[in-house]
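The structure file protein_39.cif is reproduced below (mmCIF, C-alpha atoms).
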```
data_input
#
loop_
_atom_site.group_PDB
_atom_site.id
_atom_site.type_symbol
_atom_site.label_atom_id
_atom_site.label_comp_id
_atom_site.auth_asym_id
_atom_site.auth_seq_id
_atom_site.Cartn_x
_atom_site.Cartn_y
_atom_site.Cartn_z
ATOM 1 C CA MET K 1 0.000 0.000 0.000
ATOM 2 C CA ALA K 2 2.876 2.362 0.851
ATOM 3 C CA ALA K 3 4.411 1.750 -2.561
ATOM 4 C CA PHE K 4 1.047 2.399 -4.238
ATOM 5 C CA ARG K 5 0.712 5.713 -2.417
ATOM 6 C CA THR K 6 4.246 6.673 -3.424
ATOM 7 C CA GLY K 7 3.351 6.005 -7.046
ATOM 8 C CA LEU K 8 0.201 8.102 -6.731
ATOM 9 C CA ARG K 9 2.165 10.973 -5.235
ATOM 10 C CA HIS K 10 4.567 10.849 -8.155
ATOM 11 C CA LEU K 11 1.744 10.883 -10.676
ATOM 12 C CA SER K 12 -0.612 13.396 -9.183
ATOM 13 C CA GLY K 13 1.623 16.014 -7.526
ATOM 14 C CA TYR K 14 0.636 14.751 -4.085
ATOM 15 C CA ARG K 15 -0.096 17.105 -1.220
ATOM 16 C CA PRO K 16 -2.015 16.481 2.018
ATOM 17 C CA PHE K 17 -5.802 16.455 1.619
ATOM 18 C CA SER K 18 -8.786 15.883 3.859
ATOM 19 C CA PRO K 19 -10.354 12.432 4.330
ATOM 20 C CA ARG K 20 -13.503 13.683 2.595
ATOM 21 C CA SER K 21 -11.630 14.332 -0.631
ATOM 22 C CA ALA K 22 -9.357 11.281 -0.439
ATOM 23 C CA ASP K 23 -11.472 9.076 -2.700
ATOM 24 C CA ARG K 24 -11.699 11.746 -5.356
ATOM 25 C CA HIS K 25 -7.900 12.235 -5.439
ATOM 26 C CA LEU K 26 -7.279 8.484 -5.520
ATOM 27 C CA GLN K 27 -9.739 7.986 -8.365
ATOM 28 C CA THR K 28 -8.236 10.862 -10.357
ATOM 29 C CA ALA K 29 -4.699 9.505 -9.947
ATOM 30 C CA CYS K 30 -5.801 5.987 -10.875
ATOM 31 C CA ARG K 31 -7.558 7.241 -14.020
ATOM 32 C CA LYS K 32 -4.450 9.225 -14.994
ATOM 33 C CA PHE K 33 -2.150 6.239 -14.513
ATOM 34 C CA CYS K 34 -4.452 3.843 -16.353
ATOM 35 C CA SER K 35 -4.876 6.301 -19.229
ATOM 36 C CA GLN K 36 -1.123 6.802 -19.419
ATOM 37 C CA SER K 37 -0.588 3.043 -19.544
ATOM 38 C CA GLN K 38 -3.299 2.092 -22.024
ATOM 39 C CA GLN K 39 -2.949 4.915 -24.544
ATOM 40 C CA GLN K 40 0.841 5.085 -24.714
ATOM 41 C CA SER K 41 2.341 4.992 -28.194
ATOM 42 C CA PRO K 42 5.478 2.932 -28.933
ATOM 43 C CA GLU K 43 7.448 6.144 -29.562
ATOM 44 C CA ASP K 44 6.611 7.330 -26.052
ATOM 45 C CA GLU K 45 8.244 4.370 -24.275
ATOM 46 C CA PHE K 46 11.678 6.036 -24.222
ATOM 47 C CA HIS K 47 12.560 9.742 -24.123
ATOM 48 C CA VAL K 48 15.802 11.682 -24.560
ATOM 49 C CA ASN K 49 15.693 14.931 -22.552
ATOM 50 C CA ARG K 50 18.404 17.569 -22.928
ATOM 51 C CA LEU K 51 18.574 19.758 -19.829
ATOM 52 C CA ASP K 52 19.274 23.465 -20.117
ATOM 53 C CA GLY K 53 20.338 26.438 -18.008
ATOM 54 C CA ASP K 54 22.959 25.536 -15.393
ATOM 55 C CA ARG K 55 22.453 21.885 -16.326
ATOM 56 C CA LYS K 56 23.181 22.285 -20.015
ATOM 57 C CA GLY K 57 25.336 19.357 -21.065
ATOM 58 C CA ILE K 58 23.358 16.828 -19.030
ATOM 59 C CA VAL K 59 21.109 14.470 -20.996
ATOM 60 C CA VAL K 60 18.478 12.280 -19.349
ATOM 61 C CA PHE K 61 17.400 8.966 -20.859
ATOM 62 C CA SER K 62 13.916 8.195 -19.509
ATOM 63 C CA MET K 63 12.331 4.739 -19.647
ATOM 64 C CA ARG K 64 8.551 5.190 -19.731
ATOM 65 C CA ARG K 65 6.929 1.823 -20.510
ATOM 66 C CA PHE K 66 4.248 2.219 -17.855
ATOM 67 C CA LYS K 67 2.030 -0.773 -18.529
ATOM 68 C CA SER K 68 4.901 -3.286 -18.548
ATOM 69 C CA LYS K 69 7.076 -1.743 -15.819
ATOM 70 C CA ASN K 70 9.819 -0.952 -18.330
ATOM 71 C CA ALA K 71 10.188 -4.624 -19.256
ATOM 72 C CA MET K 72 12.623 -4.738 -22.145
ATOM 73 C CA GLY K 73 10.608 -5.657 -25.231
ATOM 74 C CA LYS K 74 11.544 -5.315 -28.877
ATOM 75 C CA ASN K 75 10.333 -1.736 -29.245
ATOM 76 C CA ILE K 76 11.930 -0.172 -26.169
ATOM 77 C CA ILE K 77 15.223 -1.965 -26.885
ATOM 78 C CA GLN K 78 15.273 -0.484 -30.386
ATOM 79 C CA ARG K 79 14.405 2.958 -29.021
ATOM 80 C CA PHE K 80 17.215 2.543 -26.480
ATOM 81 C CA ILE K 81 19.746 1.668 -29.207
ATOM 82 C CA ASP K 82 18.555 4.515 -31.447
ATOM 83 C CA SER K 83 18.950 6.981 -28.571
ATOM 84 C CA CYS K 84 22.513 5.838 -27.895
ATOM 85 C CA GLN K 85 23.301 6.310 -31.599
ATOM 86 C CA GLU K 86 21.703 9.765 -31.488
ATOM 87 C CA VAL K 87 23.921 11.111 -28.710
ATOM 88 C CA LYS K 88 27.224 9.248 -29.106
ATOM 89 C CA HIS K 89 28.770 11.811 -31.482
ATOM 90 C CA ASP K 90 27.289 14.909 -29.809
ATOM 91 C CA ARG K 91 30.197 16.785 -28.238
ATOM 92 C CA SER K 92 27.905 19.207 -26.403
ATOM 93 C CA ILE K 93 27.005 16.399 -23.965
ATOM 94 C CA SER K 94 29.068 15.886 -20.808
ATOM 95 C CA VAL K 95 26.969 13.479 -18.728
ATOM 96 C CA ILE K 96 24.061 11.089 -19.339
ATOM 97 C CA ILE K 97 21.604 9.915 -16.674
ATOM 98 C CA LEU K 98 19.474 6.817 -17.223
ATOM 99 C CA ARG K 99 16.272 6.851 -15.176
ATOM 100 C CA SER K 100 12.727 5.530 -15.064
ATOM 101 C CA GLU K 101 9.522 7.557 -14.945
ATOM 102 C CA VAL K 102 7.486 4.499 -13.917
ATOM 103 C CA PRO K 103 6.728 4.675 -10.160
ATOM 104 C CA ASN K 104 8.702 2.206 -7.994
ATOM 105 C CA VAL K 105 10.349 0.538 -10.999
ATOM 106 C CA PHE K 106 13.690 1.084 -12.703
ATOM 107 C CA CYS K 107 13.370 -1.873 -15.061
ATOM 108 C CA ALA K 108 11.686 -5.230 -14.507
ATOM 109 C CA GLY K 109 14.110 -6.982 -16.863
ATOM 110 C CA ALA K 110 13.311 -8.707 -20.138
ATOM 111 C CA ASP K 111 9.699 -8.844 -21.294
ATOM 112 C CA LEU K 112 9.000 -12.507 -20.494
ATOM 113 C CA LYS K 113 5.449 -12.330 -21.873
ATOM 114 C CA GLU K 114 6.815 -11.255 -25.230
ATOM 115 C CA ARG K 115 9.590 -13.837 -25.017
ATOM 116 C CA ALA K 116 7.143 -16.678 -24.273
ATOM 117 C CA GLU K 117 5.757 -16.277 -27.802
ATOM 118 C CA MET K 118 9.185 -16.624 -29.433
ATOM 119 C CA SER K 119 10.875 -19.649 -30.963
ATOM 120 C CA ASN K 120 14.278 -20.768 -29.657
ATOM 121 C CA GLU K 121 15.963 -18.950 -32.532
ATOM 122 C CA GLU K 122 14.003 -15.757 -31.838
ATOM 123 C CA VAL K 123 14.900 -15.905 -28.136
ATOM 124 C CA SER K 124 18.585 -16.166 -29.019
ATOM 125 C CA ALA K 125 18.362 -13.182 -31.369
ATOM 126 C CA PHE K 126 16.386 -11.178 -28.806
ATOM 127 C CA VAL K 127 18.910 -11.771 -25.990
ATOM 128 C CA GLN K 128 21.756 -10.923 -28.357
ATOM 129 C CA LYS K 129 20.110 -7.589 -29.196
ATOM 130 C CA LEU K 130 19.486 -6.833 -25.514
ATOM 131 C CA ARG K 131 23.158 -7.613 -24.782
ATOM 132 C CA TRP K 132 24.192 -5.330 -27.640
ATOM 133 C CA SER K 133 21.991 -2.493 -26.349
ATOM 134 C CA VAL K 134 23.770 -2.593 -22.980
ATOM 135 C CA THR K 135 27.126 -2.619 -24.776
ATOM 136 C CA GLU K 136 26.036 0.447 -26.769
ATOM 137 C CA LEU K 137 25.276 2.181 -23.458
ATOM 138 C CA ALA K 138 28.610 1.102 -21.968
ATOM 139 C CA ASN K 139 30.465 2.400 -25.041
ATOM 140 C CA LEU K 140 29.019 5.903 -24.892
ATOM 141 C CA PRO K 141 32.018 8.252 -24.678
ATOM 142 C CA VAL K 142 30.773 10.373 -21.753
ATOM 143 C CA PRO K 143 30.190 9.492 -18.075
ATOM 144 C CA THR K 144 26.861 7.736 -17.496
ATOM 145 C CA ILE K 145 24.836 7.361 -14.289
ATOM 146 C CA ALA K 146 21.943 4.980 -13.598
ATOM 147 C CA ALA K 147 19.312 6.313 -11.170
ATOM 148 C CA ILE K 148 17.627 3.248 -9.638
ATOM 149 C CA ASP K 149 14.330 4.265 -8.038
ATOM 150 C CA GLY K 150 12.643 0.902 -7.445
ATOM 151 C CA PHE K 151 13.011 -2.571 -8.950
ATOM 152 C CA ALA K 152 16.099 -3.372 -11.062
ATOM 153 C CA LEU K 153 15.983 -7.135 -11.447
ATOM 154 C CA GLY K 154 17.649 -9.357 -14.034
ATOM 155 C CA GLY K 155 17.996 -7.341 -17.214
ATOM 156 C CA GLY K 156 17.166 -4.202 -15.227
ATOM 157 C CA LEU K 157 20.345 -4.538 -13.175
ATOM 158 C CA GLU K 158 22.291 -5.545 -16.283
ATOM 159 C CA ILE K 159 21.281 -2.299 -18.001
ATOM 160 C CA SER K 160 22.432 -0.272 -14.990
ATOM 161 C CA LEU K 161 25.759 -2.154 -15.039
ATOM 162 C CA GLY K 162 26.266 -0.696 -18.507
ATOM 163 C CA CYS K 163 26.554 2.717 -16.820
ATOM 164 C CA ASP K 164 29.755 4.028 -15.257
ATOM 165 C CA MET K 165 28.033 4.761 -11.941
ATOM 166 C CA ARG K 166 24.853 3.762 -10.171
ATOM 167 C CA VAL K 167 22.714 5.505 -7.540
ATOM 168 C CA ALA K 168 19.955 3.604 -5.734
ATOM 169 C CA ALA K 169 17.074 4.629 -3.514
ATOM 170 C CA SER K 170 16.370 2.757 -0.285
ATOM 171 C CA ASN K 171 13.310 1.043 -1.796
ATOM 172 C CA ALA K 172 15.270 -0.386 -4.733
ATOM 173 C CA LYS K 173 15.203 -4.142 -5.277
ATOM 174 C CA ILE K 174 18.390 -5.074 -7.089
ATOM 175 C CA GLY K 175 19.577 -8.476 -8.244
ATOM 176 C CA LEU K 176 20.484 -10.897 -11.008
ATOM 177 C CA ILE K 177 17.693 -13.383 -10.356
ATOM 178 C CA GLU K 178 17.930 -15.427 -13.555
ATOM 179 C CA THR K 179 19.025 -18.688 -11.911
ATOM 180 C CA SER K 180 15.676 -18.761 -10.078
ATOM 181 C CA LEU K 181 14.112 -18.950 -13.567
ATOM 182 C CA ALA K 182 16.513 -21.730 -14.649
ATOM 183 C CA ILE K 183 18.484 -19.391 -16.932
ATOM 184 C CA ILE K 184 21.582 -17.199 -16.520
ATOM 185 C CA PRO K 185 22.056 -13.467 -16.981
ATOM 186 C CA GLY K 186 22.257 -12.910 -20.723
ATOM 187 C CA ALA K 187 22.787 -9.163 -21.178
ATOM 188 C CA GLY K 188 26.288 -8.989 -19.760
ATOM 189 C CA GLY K 189 25.556 -9.574 -16.070
ATOM 190 C CA THR K 190 27.951 -12.504 -15.678
ATOM 191 C CA GLN K 191 30.756 -10.325 -17.034
ATOM 192 C CA ARG K 192 30.033 -6.818 -15.765
ATOM 193 C CA LEU K 193 29.024 -7.585 -12.165
ATOM 194 C CA PRO K 194 32.323 -9.429 -11.415
ATOM 195 C CA ARG K 195 34.212 -6.448 -12.818
ATOM 196 C CA VAL K 196 32.335 -4.146 -10.429
ATOM 197 C CA ILE K 197 32.401 -6.148 -7.159
ATOM 198 C CA GLY K 198 34.811 -9.011 -7.841
ATOM 199 C CA PRO K 199 34.112 -12.589 -8.960
ATOM 200 C CA SER K 200 33.474 -14.187 -5.564
ATOM 201 C CA LEU K 201 30.723 -11.777 -4.496
ATOM 202 C CA ALA K 202 29.260 -11.740 -7.993
ATOM 203 C CA LYS K 203 29.014 -15.530 -7.995
ATOM 204 C CA GLU K 204 27.254 -15.473 -4.635
ATOM 205 C CA LEU K 205 24.658 -12.979 -5.832
ATOM 206 C CA ILE K 206 24.092 -14.838 -9.113
ATOM 207 C CA PHE K 207 24.007 -18.342 -7.586
ATOM 208 C CA THR K 208 21.551 -17.302 -4.843
ATOM 209 C CA ALA K 209 19.434 -14.978 -7.059
ATOM 210 C CA ARG K 210 19.518 -12.640 -4.054
ATOM 211 C CA ARG K 211 17.628 -9.352 -4.054
ATOM 212 C CA LEU K 212 19.261 -6.350 -2.385
ATOM 213 C CA ASP K 213 17.791 -3.057 -1.257
ATOM 214 C CA GLY K 214 19.599 0.168 -2.092
ATOM 215 C CA PHE K 215 21.704 0.300 1.066
ATOM 216 C CA GLN K 216 22.712 -3.363 0.824
ATOM 217 C CA ALA K 217 23.704 -2.822 -2.801
ATOM 218 C CA ARG K 218 25.851 0.153 -1.778
ATOM 219 C CA ASP K 219 27.535 -1.811 1.022
ATOM 220 C CA LEU K 220 28.527 -4.546 -1.467
ATOM 221 C CA GLY K 221 29.710 -2.007 -4.048
ATOM 222 C CA VAL K 222 26.999 -2.783 -6.615
ATOM 223 C CA VAL K 223 25.990 0.903 -6.549
ATOM 224 C CA ASN K 224 28.048 4.011 -5.745
ATOM 225 C CA HIS K 225 25.482 5.804 -3.603
ATOM 226 C CA ALA K 226 22.240 4.981 -1.787
ATOM 227 C CA VAL K 227 19.691 7.507 -0.556
ATOM 228 C CA GLN K 228 16.469 7.375 1.425
ATOM 229 C CA GLN K 229 13.499 7.350 -0.920
ATOM 230 C CA ASN K 230 11.349 10.496 -0.932
ATOM 231 C CA ASP K 231 7.582 10.971 -1.234
ATOM 232 C CA ASN K 232 7.818 11.504 -5.000
ATOM 233 C CA GLY K 233 9.725 8.269 -5.548
ATOM 234 C CA ASP K 234 12.638 9.940 -7.377
ATOM 235 C CA ALA K 235 15.351 10.325 -4.720
ATOM 236 C CA ALA K 236 17.927 8.343 -6.713
ATOM 237 C CA TYR K 237 17.311 10.537 -9.757
ATOM 238 C CA HIS K 238 17.925 13.712 -7.732
ATOM 239 C CA ARG K 239 21.122 12.254 -6.252
ATOM 240 C CA ALA K 240 22.205 11.310 -9.789
ATOM 241 C CA LEU K 241 21.577 14.907 -10.869
ATOM 242 C CA GLU K 242 23.796 16.148 -8.030
ATOM 243 C CA LEU K 243 26.528 13.767 -9.143
ATOM 244 C CA ALA K 244 26.139 14.904 -12.758
ATOM 245 C CA GLU K 245 26.399 18.537 -11.637
ATOM 246 C CA GLU K 246 29.713 17.716 -9.939
ATOM 247 C CA ILE K 247 31.025 16.284 -13.203
ATOM 248 C CA LEU K 248 29.619 18.981 -15.498
ATOM 249 C CA PRO K 249 32.179 21.807 -14.887
ATOM 250 C CA ASN K 250 35.151 19.605 -15.805
ATOM 251 C CA GLY K 251 36.863 19.473 -19.200
ATOM 252 C CA PRO K 252 34.688 17.576 -21.723
ATOM 253 C CA ILE K 253 37.646 16.090 -23.600
ATOM 254 C CA ALA K 254 39.350 15.145 -20.332
ATOM 255 C CA LEU K 255 36.202 13.306 -19.201
ATOM 256 C CA ARG K 256 36.089 11.296 -22.428
ATOM 257 C CA MET K 257 39.795 10.454 -22.325
ATOM 258 C CA ALA K 258 39.616 9.489 -18.626
ATOM 259 C CA LYS K 259 36.728 7.122 -19.341
ATOM 260 C CA LEU K 260 38.602 5.507 -22.219
ATOM 261 C CA ALA K 261 41.773 5.151 -20.148
ATOM 262 C CA VAL K 262 39.948 3.405 -17.300
ATOM 263 C CA ASN K 263 37.816 1.185 -19.543
ATOM 264 C CA ARG K 264 40.721 0.054 -21.713
ATOM 265 C CA GLY K 265 43.236 -0.206 -18.901
ATOM 266 C CA ILE K 266 41.112 -2.296 -16.557
ATOM 267 C CA GLU K 267 41.083 -5.152 -19.057
ATOM 268 C CA VAL K 268 44.872 -5.501 -19.383
ATOM 269 C CA GLU K 269 47.982 -5.801 -17.177
ATOM 270 C CA LEU K 270 49.393 -2.642 -15.584
ATOM 271 C CA ASP K 271 52.170 -1.956 -18.109
ATOM 272 C CA SER K 272 49.717 -2.041 -21.010
ATOM 273 C CA GLY K 273 47.246 0.046 -19.026
ATOM 274 C CA LEU K 274 49.887 2.720 -18.506
ATOM 275 C CA LYS K 275 50.449 2.783 -22.277
ATOM 276 C CA TYR K 276 46.737 3.451 -22.737
ATOM 277 C CA GLU K 277 46.940 6.293 -20.214
ATOM 278 C CA GLU K 278 49.928 7.759 -22.064
ATOM 279 C CA ALA K 279 48.128 7.568 -25.399
ATOM 280 C CA PHE K 280 44.935 9.230 -24.157
ATOM 281 C CA TYR K 281 46.870 11.903 -22.244
ATOM 282 C CA ALA K 282 48.682 12.745 -25.480
ATOM 283 C CA GLN K 283 45.338 13.617 -27.074
ATOM 284 C CA ILE K 284 44.685 16.207 -24.356
ATOM 285 C CA ILE K 285 48.023 18.058 -24.616
ATOM 286 C CA PRO K 286 47.214 20.073 -27.793
ATOM 287 C CA THR K 287 43.700 21.105 -26.677
ATOM 288 C CA LYS K 288 42.658 24.685 -25.923
ATOM 289 C CA ASP K 289 40.808 23.435 -22.858
ATOM 290 C CA ARG K 290 44.109 22.332 -21.271
ATOM 291 C CA ILE K 291 45.537 25.834 -21.706
ATOM 292 C CA GLU K 292 42.317 27.344 -20.347
ATOM 293 C CA GLY K 293 42.598 25.163 -17.253
ATOM 294 C CA LEU K 294 46.134 26.378 -16.563
ATOM 295 C CA LYS K 295 45.195 30.043 -17.136
ATOM 296 C CA ALA K 296 42.125 29.788 -14.881
ATOM 297 C CA PHE K 297 44.208 28.194 -12.126
ATOM 298 C CA LYS K 298 46.803 30.976 -12.383
ATOM 299 C CA GLU K 299 44.125 33.703 -12.443
ATOM 300 C CA LYS K 300 42.158 32.069 -9.588
ATOM 301 C CA ARG K 301 38.915 31.902 -11.537
ATOM 302 C CA ARG K 302 36.553 29.223 -12.756
ATOM 303 C CA PRO K 303 37.650 27.793 -16.125
ATOM 304 C CA VAL K 304 35.368 27.993 -19.147
ATOM 305 C CA TYR K 305 35.819 24.814 -21.159
ATOM 306 C CA LYS K 306 34.523 24.570 -24.711
ATOM 307 C CA GLY K 307 35.449 21.018 -25.618
ATOM 308 C CA HIS K 308 38.303 21.789 -28.021
#
```
Produce structure tokens that represent the structure in this file.
Amino acid sequence: MAAFRTGLRHLSGYRPFSPRSADRHLQTACRKFCSQSQQQSPEDEFHVNRLDGDRKGIVVFSMRRFKSKNAMGKNIIQRFIDSCQEVKHDRSISVIILRSEVPNVFCAGADLKERAEMSNEEVSAFVQKLRWSVTELANLPVPTIAAIDGFALGGGLEISLGCDMRVAASNAKIGLIETSLAIIPGAGGTQRLPRVIGPSLAKELIFTARRLDGFQARDLGVVNHAVQQNDNGDAAYHRALELAEEILPNGPIALRMAKLAVNRGIEVELDSGLKYEEAFYAQIIPTKDRIEGLKAFKEKRRPVYKGH
């Protein structure tokens, strides 16, 4: 019931009201949610929102498949891939946040109802495309943050593992639960989770199909930050925005080169990793932003980076 009320608050702009008007507010919120779910067009299942003002440079990917709790079906996966392609070459972007607008849900994983109608060959192709979509997210050149407000199970957690950082609310339910369905994680979970928390802990979570709340996930290192959920059900998103705002003032080229250096270096031995660092540092040396950073430091002012 508490979760239902949280969802209603998120949908209807909740504020305290008298018992006499309670039924009317509940009915209005229910009608709004049901209408949103039933009349939603395929194009509306995933949005790309470019923030402006002081947050210019932050882009928000919003999953909005209300009726199916953001279950990853064919359409939303394609929209997800298209959105990654849309932003990957845009040098005006410094940070991307992946969030859900569905109350109490980040992503419920793969759409098992849709999958139940597929042949073995179709299932294989579907899982391969889902795996590729997470790889497309992981390969975006800028820092990415997953804001987990609610359930992120199976494919939902795998999608968040495609981000550089994760923030979870206290009410999150996080886990790779595939073994409880007699399958294994198929969108990169068996590979990305061990790289985040180490193989031993990752095996324990996968073998037991354990579900973690936000604070437990933080304590094990699955997420970077955990926050108490708020009445609107978007506490993780707001914490992700704060994190993005910390990143935003820094040099855009430096952010991209730092991400490449870490991602490439973590997969090889130290000597080779240092060569990667040397190569990516060399690309920064001739930039105007590097000179601007030195001048701003000398003049004791905030630098103005332009990404060149």
| query | Which residue, K:Leu161, K:Leu153, K:Leu130, K:Ile96, has the smallest gap to Ile77 of chain K when you use all atoms listed in the file? | reply |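 Nearest to Ile77 of chain K: K:Leu130.
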| query | Got a sec to resolve the PyMOL selection byres ((chain K and resi 142) around 6) on this structure and send the residues as an NGL selection string? | reply | :K and (94-95 or 140-141 or 143 or 256)
Kindly provide, as AutoDock Vina command-line options, the centre and edge lengths (Å, one decimal) of an axis-aligned box around all atoms of segment 205-215 of chain K given in the file, with 8 Å on each side.
```
--center_x 21.1 --center_y -9.0 --center_z -4.0 --size_x 23.0 --size_y 34.6 --size_z 26.2
```
| field | Of the listed residues K:Ser170, K:Phe61, K:Glu178, K:Leu137, that which approaches Thr208 of chain K most closely, counting only C-alpha atoms | value |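 Answer, going by the shortest atom-to-atom distance: K:Glu178.
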| said: If I take atom CA of Met257 of chain K and atom CA of Phe280 of chain K, how far is one from the other in Å, to one decimal? | reply: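 About the pair atom CA of Met257 of chain K and atom CA of Phe280 of chain K: they are 5.6 Å apart.
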| query | Which of these residues is nearest to Ile145 of chain K, using all atoms listed in the file: K:Ile97, K:Ala125, K:Cys107, K:Leu193? | reply |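 Looking at the shortest contact to Ile145 of chain K, the residue is K:Ile97.
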| query | Which value, in Å to one decimal, gives the distance between atom CA of Gly162 of chain K and atom CA of Thr135 of chain K? | reply |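 Value for the atom CA of Gly162 of chain K-atom CA of Thr135 of chain K distance: 6.6 Å.
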| said: Suppose a student applies the PyMOL selection byres ((chain K and resi 263-268) around 12) to this structure; what residues should they get, written as a ChimeraX atom specification? | reply: /K:138-143,162-164,191-192,195-196,256-262,269-280
| atom CA of Leu181 of chain K to atom CA of Ile206 of chain K: how many Å, to one decimal? |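 Calculated distance between atom CA of Leu181 of chain K and atom CA of Ile206 of chain K is 11.7 Å.
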| said: So that I can see what lies close to Gln78 of chain K, please list as a list of chain:residue names the residues with an atom at most 9 Å from it, counting all atoms listed in the file and leaving out residues fewer than 4 positions away in the same chain. | reply: K:Gly73, K:Lys74, K:Asp82, K:Ser83, K:Lys129, K:Ser133
Output the selection as a compact mmCIF listing (two decimals), in the frame of the given file - C-alpha atoms for each residue.
```
# COMPACT_ATOMS: atom_id res chain seq x y z
CA GLY K 73 10.61 -5.66 -25.23
CA LYS K 74 11.54 -5.32 -28.88
CA ASP K 82 18.56 4.51 -31.45
CA SER K 83 18.95 6.98 -28.57
CA LYS K 129 20.11 -7.59 -29.20
CA SER K 133 21.99 -2.49 -26.35
```
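All polymer residues at most 8 Å from (20.0, -7.1, -18.5), using all atoms listed in the file, appear as Gly109, Ala110, Leu130, Arg131, Val134, Gly154, Gly155, Gly156, Leu157, Glu158, Ile159, Pro185, Gly186, Ala187, Gly188 and Gly189 of chain K.
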| field | Explicit residue set for the PyMOL selection byres ((chain K and resi 291) around 12), as a PyMOL selection string | value | chain K and resi 251+284-290+292-298+303-308
Nearby residues (all atoms listed in the file) at most 6 Å from Phe66 of chain K, same-chain spacing under 2 positions excluded, as a PDB file with C-alpha atoms, in the coordinates of the input:
```
ATOM      1  CA  SER K  37      -0.588   3.043 -19.544  1.00  0.00           C
ATOM      2  CA  ARG K  64       8.551   5.190 -19.731  1.00  0.00           C
ATOM      3  CA  SER K  68       4.901  -3.286 -18.548  1.00  0.00           C
ATOM      4  CA  LYS K  69       7.076  -1.743 -15.819  1.00  0.00           C
ATOM      5  CA  VAL K 102       7.486   4.499 -13.917  1.00  0.00           C
TER       6      VAL K 102
END
```
| message | Given only C-alpha atoms as the basis, pick out the residue of K:Gln283, K:Asn171, K:Gln40, K:Asn70 nearest to Val227 of chain K. | response | K:Asn171
